[in-house]
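Structure data (compact mmCIF, C-alpha atoms) from protein-v1.txt:
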```txt
# COMPACT_ATOMS: atom_id res chain seq x y z
CA MET A 1 52.24 9.88 30.41
CA ASN A 2 52.12 6.15 31.31
CA LYS A 3 51.82 3.23 28.91
CA MET A 4 48.14 2.64 29.75
CA MET A 5 47.21 6.19 28.83
CA ILE A 6 49.17 6.06 25.56
CA GLY A 7 47.48 2.77 24.69
CA SER A 8 44.07 4.28 25.38
CA ILE A 9 44.78 7.23 23.09
CA VAL A 10 45.96 4.96 20.29
CA PHE A 11 42.92 2.69 20.69
CA ALA A 12 40.53 5.64 20.71
CA GLY A 13 42.11 7.06 17.54
CA MET A 14 41.85 3.72 15.79
CA ALA A 15 38.27 3.25 16.85
CA ALA A 16 37.30 6.72 15.65
CA ALA A 17 38.99 6.17 12.29
CA ILE A 18 37.34 2.77 11.80
CA GLY A 19 33.98 4.20 12.76
CA LEU A 20 34.34 7.07 10.32
CA SER A 21 35.38 4.65 7.60
CA ALA A 22 32.27 2.58 8.24
CA VAL A 23 30.05 5.65 7.98
CA TRP A 24 31.56 6.68 4.66
CA TYR A 25 31.35 3.12 3.35
CA ALA A 26 27.70 2.94 4.33
CA LYS A 27 27.05 6.15 2.43
CA GLY A 28 28.67 4.70 -0.64
CA GLU A 29 31.52 7.22 -0.75
CA GLU A 30 34.46 6.30 -2.98
CA GLY A 31 38.09 7.33 -3.11
CA MET A 32 38.79 6.95 0.57
CA SER A 33 41.98 5.46 1.99
CA PHE A 34 42.65 4.49 5.59
CA SER A 35 46.05 3.68 7.12
CA ILE A 36 47.50 2.98 10.53
CA GLY A 37 51.09 2.02 11.18
CA ILE A 38 54.72 2.84 10.76
CA GLY A 39 56.86 2.29 7.66
CA LYS A 40 57.73 3.50 4.20
CA ALA A 41 55.32 3.89 1.33
CA ASP A 42 56.00 1.27 -1.35
CA VAL A 43 56.31 1.89 -5.06
CA SER A 44 52.75 2.32 -6.28
CA ASN A 45 53.34 3.31 -9.90
CA ILE A 46 56.14 3.34 -12.49
CA GLN A 47 55.79 5.01 -15.88
CA GLU A 48 58.24 5.64 -18.73
CA PHE A 49 58.08 8.14 -21.60
CA PRO A 50 60.46 8.63 -24.58
CA ALA A 51 62.44 11.79 -23.81
CA ASP A 52 63.08 12.73 -27.45
CA LYS A 53 59.42 13.69 -27.84
CA ILE A 54 59.21 15.74 -24.63
CA GLU A 55 60.30 19.38 -24.54
CA ASN A 56 58.24 20.47 -21.53
CA LEU A 57 57.80 18.62 -18.25
CA VAL A 58 55.05 19.84 -15.91
CA ILE A 59 54.78 18.26 -12.44
CA GLU A 60 52.16 19.01 -9.77
CA TYR A 61 51.72 17.31 -6.38
CA SER A 62 50.31 18.17 -2.97
CA SER A 63 52.11 16.88 0.15
CA GLN A 64 54.60 14.53 -1.50
CA ASN A 65 58.34 15.12 -1.57
CA LEU A 66 59.71 15.39 -5.09
CA TYR A 67 63.16 14.21 -6.17
CA LEU A 68 64.85 14.80 -9.53
CA TYR A 69 67.65 12.42 -10.53
CA GLU A 70 69.79 11.70 -13.57
CA GLY A 71 68.53 8.49 -15.11
CA GLU A 72 69.92 5.92 -17.48
CA GLY A 73 68.88 5.45 -21.07
CA ASP A 74 66.76 7.82 -23.15
CA LYS A 75 63.46 7.78 -21.26
CA ILE A 76 61.86 9.91 -18.58
CA VAL A 77 60.99 7.56 -15.71
CA ILE A 78 58.51 8.38 -12.94
CA LYS A 79 58.34 6.35 -9.74
CA GLU A 80 55.58 7.11 -7.28
CA TYR A 81 55.58 6.01 -3.66
CA LEU A 82 52.00 6.75 -2.67
CA LYS A 83 49.89 5.12 0.01
CA GLY A 84 46.85 3.15 -1.06
CA ASN A 85 48.41 2.24 -4.44
CA GLY A 86 47.92 5.81 -5.56
CA LYS A 87 48.62 6.80 -9.16
CA SER A 88 48.85 10.19 -10.80
CA GLU A 89 47.43 11.31 -14.11
CA MET A 90 50.22 11.30 -16.70
CA GLN A 91 49.65 12.30 -20.29
CA VAL A 92 51.53 13.64 -23.28
CA ASN A 93 49.98 16.50 -25.20
CA GLY A 94 52.16 17.53 -28.12
CA ASP A 95 55.65 18.09 -26.72
CA THR A 96 54.46 18.44 -23.10
CA LEU A 97 54.38 15.69 -20.48
CA SER A 98 52.04 16.53 -17.60
CA ILE A 99 52.20 14.67 -14.30
CA ILE A 100 49.32 15.72 -12.07
CA GLU A 101 48.48 14.04 -8.78
CA ALA A 102 45.10 12.39 -9.08
CA ASP A 103 42.34 13.15 -6.59
CA ARG A 104 42.44 10.24 -4.15
CA GLY A 105 39.47 11.41 -2.14
CA ILE A 106 39.60 11.48 1.64
CA ARG A 107 42.65 9.97 3.28
CA ILE A 108 42.71 9.19 6.99
CA SER A 109 46.04 8.36 8.62
CA PHE A 110 46.69 7.67 12.29
CA PHE A 111 50.22 7.25 13.61
CA VAL A 112 51.60 6.79 10.10
CA PHE A 113 55.21 7.88 9.75
CA SER A 114 55.75 7.00 6.10
CA GLU A 115 56.98 9.33 3.40
CA GLU A 116 55.00 9.74 0.23
CA LYS A 117 57.44 10.71 -2.47
CA VAL A 118 57.91 10.90 -6.21
CA GLU A 119 61.16 10.25 -8.07
CA ILE A 120 61.70 11.67 -11.56
CA PHE A 121 64.63 10.31 -13.57
CA LEU A 122 65.74 12.49 -16.50
CA PRO A 123 68.09 11.34 -19.27
CA LYS A 124 71.52 12.93 -19.17
CA GLY A 125 70.97 14.77 -22.43
CA TYR A 126 67.52 16.16 -21.63
CA LYS A 127 67.48 19.91 -22.39
CA GLY A 128 63.81 20.85 -22.31
CA SER A 129 62.04 22.79 -19.57
CA VAL A 130 61.07 21.50 -16.13
CA LYS A 131 58.29 23.13 -14.11
CA THR A 132 57.38 21.62 -10.75
CA ALA A 133 54.90 22.64 -8.07
CA VAL A 134 54.09 21.03 -4.71
CA SER A 135 51.78 22.31 -2.00
CA SER A 136 53.40 21.06 1.19
CA GLY A 137 56.39 18.98 0.22
CA ASN A 138 60.09 19.39 -0.38
CA VAL A 139 61.75 19.51 -3.78
CA ARG A 140 65.28 18.22 -4.33
CA ALA A 141 67.24 18.12 -7.59
CA GLU A 142 70.03 15.65 -6.93
CA CYS A 143 71.60 15.89 -10.39
CA ALA A 144 73.20 18.47 -12.66
CA LEU A 145 70.66 19.74 -15.18
CA GLU A 146 71.12 21.83 -18.32
CA LEU A 147 67.70 23.03 -19.40
CA GLU A 148 65.85 25.70 -21.31
CA GLU A 149 63.90 26.71 -18.21
CA PHE A 150 63.77 25.49 -14.62
CA ALA A 151 60.90 26.59 -12.38
CA VAL A 152 60.10 25.11 -9.00
CA SER A 153 57.63 26.16 -6.31
CA SER A 154 56.41 24.90 -2.95
CA LYS A 155 53.81 26.53 -0.76
CA SER A 156 55.24 24.97 2.38
CA GLY A 157 58.51 23.13 1.93
CA ASN A 158 62.22 23.43 1.25
CA ILE A 159 63.85 23.59 -2.17
CA SER A 160 67.35 22.20 -2.58
CA CYS A 161 69.14 21.93 -5.92
CA GLY A 162 72.58 20.95 -7.10
CA GLU A 163 73.81 22.44 -10.36
CA ILE A 164 71.16 23.97 -12.59
CA ARG A 165 71.94 25.62 -15.93
CA ALA A 166 69.06 27.26 -17.75
CA GLU A 167 68.12 30.49 -19.48
CA GLU A 168 65.64 31.07 -16.67
CA VAL A 169 66.01 29.66 -13.14
CA LYS A 170 63.01 30.32 -10.88
CA ALA A 171 62.32 29.09 -7.34
CA MET A 172 59.59 30.18 -4.95
CA THR A 173 58.26 28.98 -1.61
CA ASN A 174 55.87 30.60 0.85
CA SER A 175 57.42 28.92 3.87
CA GLY A 176 60.76 27.19 3.47
CA ASN A 177 64.43 27.54 2.63
CA ILE A 178 65.89 27.65 -0.87
CA ILE A 179 69.41 26.40 -1.60
CA PHE A 180 71.25 26.16 -4.92
CA LYS A 181 74.77 24.78 -5.15
CA LYS A 182 74.98 26.49 -8.52
CA ALA A 183 72.35 28.27 -10.56
CA GLN A 184 73.49 29.42 -13.98
CA GLY A 185 71.16 31.77 -15.86
CA ASN A 186 68.83 34.61 -15.05
CA ARG A 187 67.81 33.79 -11.49
CA LYS A 188 64.60 34.75 -9.73
CA ILE A 189 64.45 33.32 -6.20
CA GLU A 190 61.77 34.18 -3.64
CA THR A 191 60.63 32.98 -0.22
CA LYS A 192 58.16 34.66 2.10
CA SER A 193 59.46 32.93 5.22
CA GLY A 194 62.85 31.27 4.95
CA ASN A 195 66.49 31.67 4.02
CA ILE A 196 67.96 31.83 0.52
CA LYS A 197 71.44 30.58 -0.33
CA LEU A 198 73.01 30.59 -3.79
CA GLU A 199 76.55 29.26 -3.84
CA GLY A 200 77.54 30.20 -7.39
CA GLY A 201 76.52 30.83 -10.95
CA GLU A 202 76.59 33.33 -13.79
CA GLY A 203 73.59 35.46 -14.60
CA ASN A 204 71.51 38.33 -13.30
CA THR A 205 70.02 37.65 -9.88
CA TRP A 206 66.78 38.79 -8.28
CA VAL A 207 66.23 37.49 -4.74
CA SER A 208 63.61 38.34 -2.15
CA SER A 209 62.84 37.12 1.37
CA LYS A 210 60.22 38.70 3.58
CA SER A 211 61.49 36.93 6.68
CA GLY A 212 64.90 35.33 6.35
CA ASN A 213 68.51 35.84 5.37
CA ILE A 214 69.87 36.06 1.81
CA SER A 215 73.32 34.72 1.01
CA VAL A 216 74.80 34.75 -2.49
CA GLU A 217 78.34 33.58 -3.23
CA ASN A 218 80.50 33.79 -6.36
CA ALA A 219 77.93 35.85 -8.22
CA ASP A 220 78.67 36.88 -11.80
CA GLY A 221 76.18 39.43 -13.07
CA GLY A 222 73.76 42.09 -11.92
CA PHE A 223 72.03 41.78 -8.56
CA SER A 224 68.83 42.89 -6.84
CA GLY A 225 68.20 41.67 -3.28
CA ILE A 226 65.34 42.58 -0.96
CA ALA A 227 64.96 41.32 2.62
CA GLN A 228 62.24 42.78 4.78
CA SER A 229 63.51 41.09 7.92
CA GLY A 230 66.94 39.54 7.49
CA ASN A 231 70.52 40.09 6.41
CA ILE A 232 71.82 40.32 2.85
CA THR A 233 75.30 38.99 2.07
CA ALA A 234 76.45 38.94 -1.54
CA GLY A 235 79.90 38.16 -2.90
CA PHE A 236 80.85 38.72 -6.55
CA VAL A 237 83.55 37.31 -8.80
CA CYS A 238 82.48 39.70 -11.55
CA VAL A 239 80.03 42.59 -11.66
CA LYS A 240 78.26 42.88 -15.01
CA GLY A 241 75.28 44.99 -14.02
CA ASP A 242 73.80 47.26 -11.40
CA ILE A 243 73.64 46.08 -7.79
CA THR A 244 70.79 46.90 -5.42
CA ALA A 245 70.51 45.61 -1.84
CA GLU A 246 67.69 46.66 0.44
CA THR A 247 66.61 45.46 3.86
CA SER A 248 64.07 46.83 6.31
CA SER A 249 65.53 45.13 9.37
CA GLY A 250 68.99 43.63 8.88
CA ASN A 251 72.57 44.20 7.79
CA ILE A 252 74.01 44.40 4.29
CA ARG A 253 77.43 43.11 3.27
CA LEU A 254 78.71 43.27 -0.31
CA GLU A 255 82.02 41.81 -1.47
CA LEU A 256 83.09 43.29 -4.82
CA PRO A 257 86.15 42.66 -7.02
CA GLU A 258 88.79 45.32 -6.46
CA GLU A 259 88.93 46.08 -10.18
CA SER A 260 85.24 47.05 -10.26
CA GLU A 261 84.23 50.59 -11.18
CA PHE A 262 80.88 51.98 -10.12
CA ASP A 263 78.84 54.86 -8.75
CA TYR A 264 77.70 54.29 -5.19
CA GLU A 265 74.78 55.59 -3.18
CA GLY A 266 73.96 54.26 0.30
CA TYR A 267 71.47 54.98 3.05
CA ALA A 268 71.17 53.47 6.53
CA SER A 269 68.32 54.91 8.60
CA SER A 270 69.47 53.64 12.01
CA GLY A 271 72.91 52.23 11.28
CA THR A 272 76.25 53.09 9.76
CA ILE A 273 77.90 52.71 6.35
CA LYS A 274 81.43 51.39 6.10
CA THR A 275 83.35 50.73 2.87
CA ASP A 276 86.88 50.01 1.72
CA PHE A 277 86.73 53.21 -0.33
CA ASN A 278 85.45 55.69 2.26
CA GLU A 279 87.94 58.34 1.06
CA MET A 280 86.14 58.47 -2.28
CA LEU A 281 82.72 59.07 -0.72
CA SER A 282 80.98 62.00 0.85
CA PHE A 283 79.15 61.24 4.13
CA ASN A 284 76.57 63.13 6.10
CA GLU A 285 77.22 63.98 9.75
CA LYS A 286 75.64 60.77 11.10
CA ARG A 287 77.54 58.69 8.53
CA ASN A 288 74.37 56.91 7.56
CA GLU A 289 74.28 58.42 4.07
CA ALA A 290 77.05 58.16 1.50
CA LYS A 291 77.52 59.01 -2.14
CA GLY A 292 80.39 58.89 -4.59
CA SER A 293 82.26 56.82 -7.18
CA TYR A 294 84.89 54.11 -7.18
CA GLY A 295 87.14 53.87 -10.21
CA SER A 296 87.92 56.36 -12.95
CA THR A 297 85.26 55.25 -15.45
CA PRO A 298 82.31 53.86 -13.50
CA GLY A 299 79.80 52.16 -15.76
CA MET A 300 77.58 50.55 -13.13
CA ARG A 301 75.60 51.61 -10.12
CA VAL A 302 75.66 50.16 -6.61
CA ARG A 303 72.85 51.13 -4.27
CA THR A 304 72.22 50.01 -0.68
CA LYS A 305 69.43 50.84 1.72
CA ALA A 306 69.17 49.50 5.28
CA SER A 307 66.29 50.94 7.28
CA SER A 308 67.48 49.29 10.50
CA GLY A 309 70.98 47.87 10.19
CA ASN A 310 74.56 48.48 9.09
CA THR A 311 76.10 48.37 5.63
CA HIS A 312 79.61 47.09 4.86
CA ILE A 313 81.15 47.01 1.38
CA VAL A 314 84.41 45.11 0.95
CA LEU A 315 86.79 45.14 -2.03
CA LYS A 316 88.57 41.82 -2.72
```
As a first step, turn the structure in this file into structure tokens.
Amino acid sequence: MNKMMIGSIVFAGMAAAIGLSAVWYAKGEEGMSFSIGIGKADVSNIQEFPADKIENLVIEYSSQNLYLYEGEGDKIVIKEYLKGNGKSEMQVNGDTLSIIEADRGIRISFFVFSEEKVEIFLPKGYKGSVKTAVSSGNVRAECALELEEFAVSSKSGNISCGEIRAEEVKAMTNSGNIIFKKAQGNRKIETKSGNIKLEGGEGNTWVSSKSGNISVENADGGFSGIAQSGNITAGFVCVKGDITAETSSGNIRLELPEESEFDYEGYASSGTIKTDFNEMLSFNEKRNEAKGSYGSTPGMRVRTKASSGNTHIVLK
């Protein structure tokens, strides 16, 4: 594609956008923004709220990327980088601070490569709950947080968190990856299309991916993992509850402490089962079904099911 053709396309796009803007202006429509160019969105709004009065933080945006940081002082600070000097609706109702993206009407952007983002700065001692939701943006928690509850969701975007400690840790995305450096607490993590990676943390874990791999390291608690199309890999430093791993199309690998004691039952429809304690199990002729116990006083249950894939259980 030569320079003349590229220039023509750019000019045509600009002309169409300007024409459409004129039509809407003539009709008296409000809430319309129009942008052409390359660059970063500037700070459009800064708000501060006393953190000692806030126990619940609710955040909702559409296509903006959301960042959580540790701030200075004793206030919750919100910085918005929205095109067209956009501002969200922020209000305190009782002990709840709600930050909801305002309806900015129709926005037309041609050849604009700028990131709309929102930065939330939380005081170091904030221990309330944080619930965030974005439609098509990424969520990143760059700081260590110790909260009552942490819940984050994105319809189409990645979720990446550092160290989160909470009674309940929830993360969900329809299309995107989910990564936690450490998630301490009862963990419920779900993605319909993407990978899940938890690198550590104590607490019971429930993870599900319809299309993607699941990887859990240094787990300390019970575990339930479901992958319709993907592998499940889970390593444990301590097993404090039942373990269930199930995949429709993928392999399963569990790494358990050698001192663990449990009843085991495994099934692999079109694969094999291999463990470090095969001599304690009874296998069928195809070696795709196994049952038995490891340890003298098993108090937990380990169950694996791989419809199309192999299962490997390692003692460490």
Report summary line: Using all atoms listed in the file, the shortest atom-to-atom distance to A:Val302 among A:Gly250, A:Gly222, A:Gly200, A:Gly271 belongs to A:Gly222
Excluding stretch 160-170 of chain A and residues on its chain fewer than 6 positions from it, collect all residues at most 9 Å away from it, counting only C-alpha atoms, and give them as a compact mmCIF listing (two decimals) with C-alpha atoms, in the frame of the given file.
```txt
# COMPACT_ATOMS: atom_id res chain seq x y z
CA LYS A 127 67.48 19.91 -22.39
CA SER A 129 62.04 22.79 -19.57
CA ASN A 138 60.09 19.39 -0.38
CA VAL A 139 61.75 19.51 -3.78
CA ARG A 140 65.28 18.22 -4.33
CA ALA A 141 67.24 18.12 -7.59
CA GLU A 142 70.03 15.65 -6.93
CA CYS A 143 71.60 15.89 -10.39
CA ALA A 144 73.20 18.47 -12.66
CA LEU A 145 70.66 19.74 -15.18
CA GLU A 146 71.12 21.83 -18.32
CA LEU A 147 67.70 23.03 -19.40
CA GLU A 148 65.85 25.70 -21.31
CA GLU A 149 63.90 26.71 -18.21
CA PHE A 150 63.77 25.49 -14.62
CA ALA A 151 60.90 26.59 -12.38
CA VAL A 152 60.10 25.11 -9.00
CA SER A 153 57.63 26.16 -6.31
CA ASN A 177 64.43 27.54 2.63
CA ILE A 178 65.89 27.65 -0.87
CA ILE A 179 69.41 26.40 -1.60
CA PHE A 180 71.25 26.16 -4.92
CA LYS A 181 74.77 24.78 -5.15
CA LYS A 182 74.98 26.49 -8.52
CA ALA A 183 72.35 28.27 -10.56
CA GLN A 184 73.49 29.42 -13.98
CA GLY A 185 71.16 31.77 -15.86
CA ASN A 186 68.83 34.61 -15.05
CA ARG A 187 67.81 33.79 -11.49
CA LYS A 188 64.60 34.75 -9.73
CA ILE A 189 64.45 33.32 -6.20
CA GLU A 190 61.77 34.18 -3.64
CA GLY A 201 76.52 30.83 -10.95
CA GLY A 203 73.59 35.46 -14.60
```
Query raised in the report: Which is closer to A:Val43 than all the others in A:Leu97, A:Ile76, A:Val118, A:Ala234, using all atoms listed in the file?
Result: A:Val118
Report task. For A:Glu115, list every protein, DNA or RNA residue within 8 Å, evaluated using all atoms listed in the file, and leave out those in the same chain fewer than 3 positions away; present the list as a PyMOL selection string. Result -> chain A and resi 40-41+64-65+81
Query raised in the report: stretch 252-265 of chain A: which residues within 10 Å, counting only C-alpha atoms, same-chain residues fewer than 5 positions away excluded, as a PyMOL selection string?
Result: chain A and resi 214-219+225+227+230-247+273-276+280-282+289-306+309-316
Query - atom CA of A:Ser154 to atom CA of A:Glu89, straight-line distance in Å - result: 19.7 Å
Requested in this report: Up to 10 Å from (46.3, 15.2, -6.7) in the file's coordinates: name the residues, counting all atoms listed in the file, as a list in words.
Outcome: Glu60, Tyr61, Ser62, Ser63, Gln64, Gly86, Lys87, Ser88, Glu89, Ile99, Ile100, Glu101, Ala102, Asp103, Arg104, Gly105 and Val134 of chain A
Determine, for each residue of stretch 119-148 of chain A having at least one atom at most 12 Å from an atom of stretch 47-51 of chain A, the closest pair of atoms and their separation in Å to one decimal, counting all atoms listed in the file; order by chain and ascending number, as a tab-separated table.
```
residue	atom	partner	partner_atom	distance
A:Glu119	CA	A:Gln47	CA	10.8
A:Ile120	CA	A:Gln47	CA	9.9
A:Phe121	CA	A:Glu48	CA	9.4
A:Leu122	CA	A:Ala51	CA	8.1
A:Pro123	CA	A:Ala51	CA	7.3
A:Lys124	CA	A:Ala51	CA	10.3
A:Gly125	CA	A:Ala51	CA	9.1
A:Tyr126	CA	A:Ala51	CA	7.0
A:Lys127	CA	A:Ala51	CA	9.7
A:Gly128	CA	A:Ala51	CA	9.3
A:Ser129	CA	A:Ala51	CA	11.8
```
Export of the given selection (C-alpha atoms) as a PDB file, in the frame of the given file:
```
ATOM      1  CA  GLU A 119      61.160  10.250  -8.070  1.00  0.00           C
ATOM      2  CA  ILE A 120      61.700  11.670 -11.560  1.00  0.00           C
ATOM      3  CA  PHE A 121      64.630  10.310 -13.570  1.00  0.00           C
ATOM      4  CA  LEU A 122      65.740  12.490 -16.500  1.00  0.00           C
ATOM      5  CA  PRO A 123      68.090  11.340 -19.270  1.00  0.00           C
ATOM      6  CA  LYS A 124      71.520  12.930 -19.170  1.00  0.00           C
ATOM      7  CA  GLY A 125      70.970  14.770 -22.430  1.00  0.00           C
ATOM      8  CA  TYR A 126      67.520  16.160 -21.630  1.00  0.00           C
ATOM      9  CA  LYS A 127      67.480  19.910 -22.390  1.00  0.00           C
ATOM     10  CA  GLY A 128      63.810  20.850 -22.310  1.00  0.00           C
ATOM     11  CA  SER A 129      62.040  22.790 -19.570  1.00  0.00           C
TER      12      SER A 129
END
```
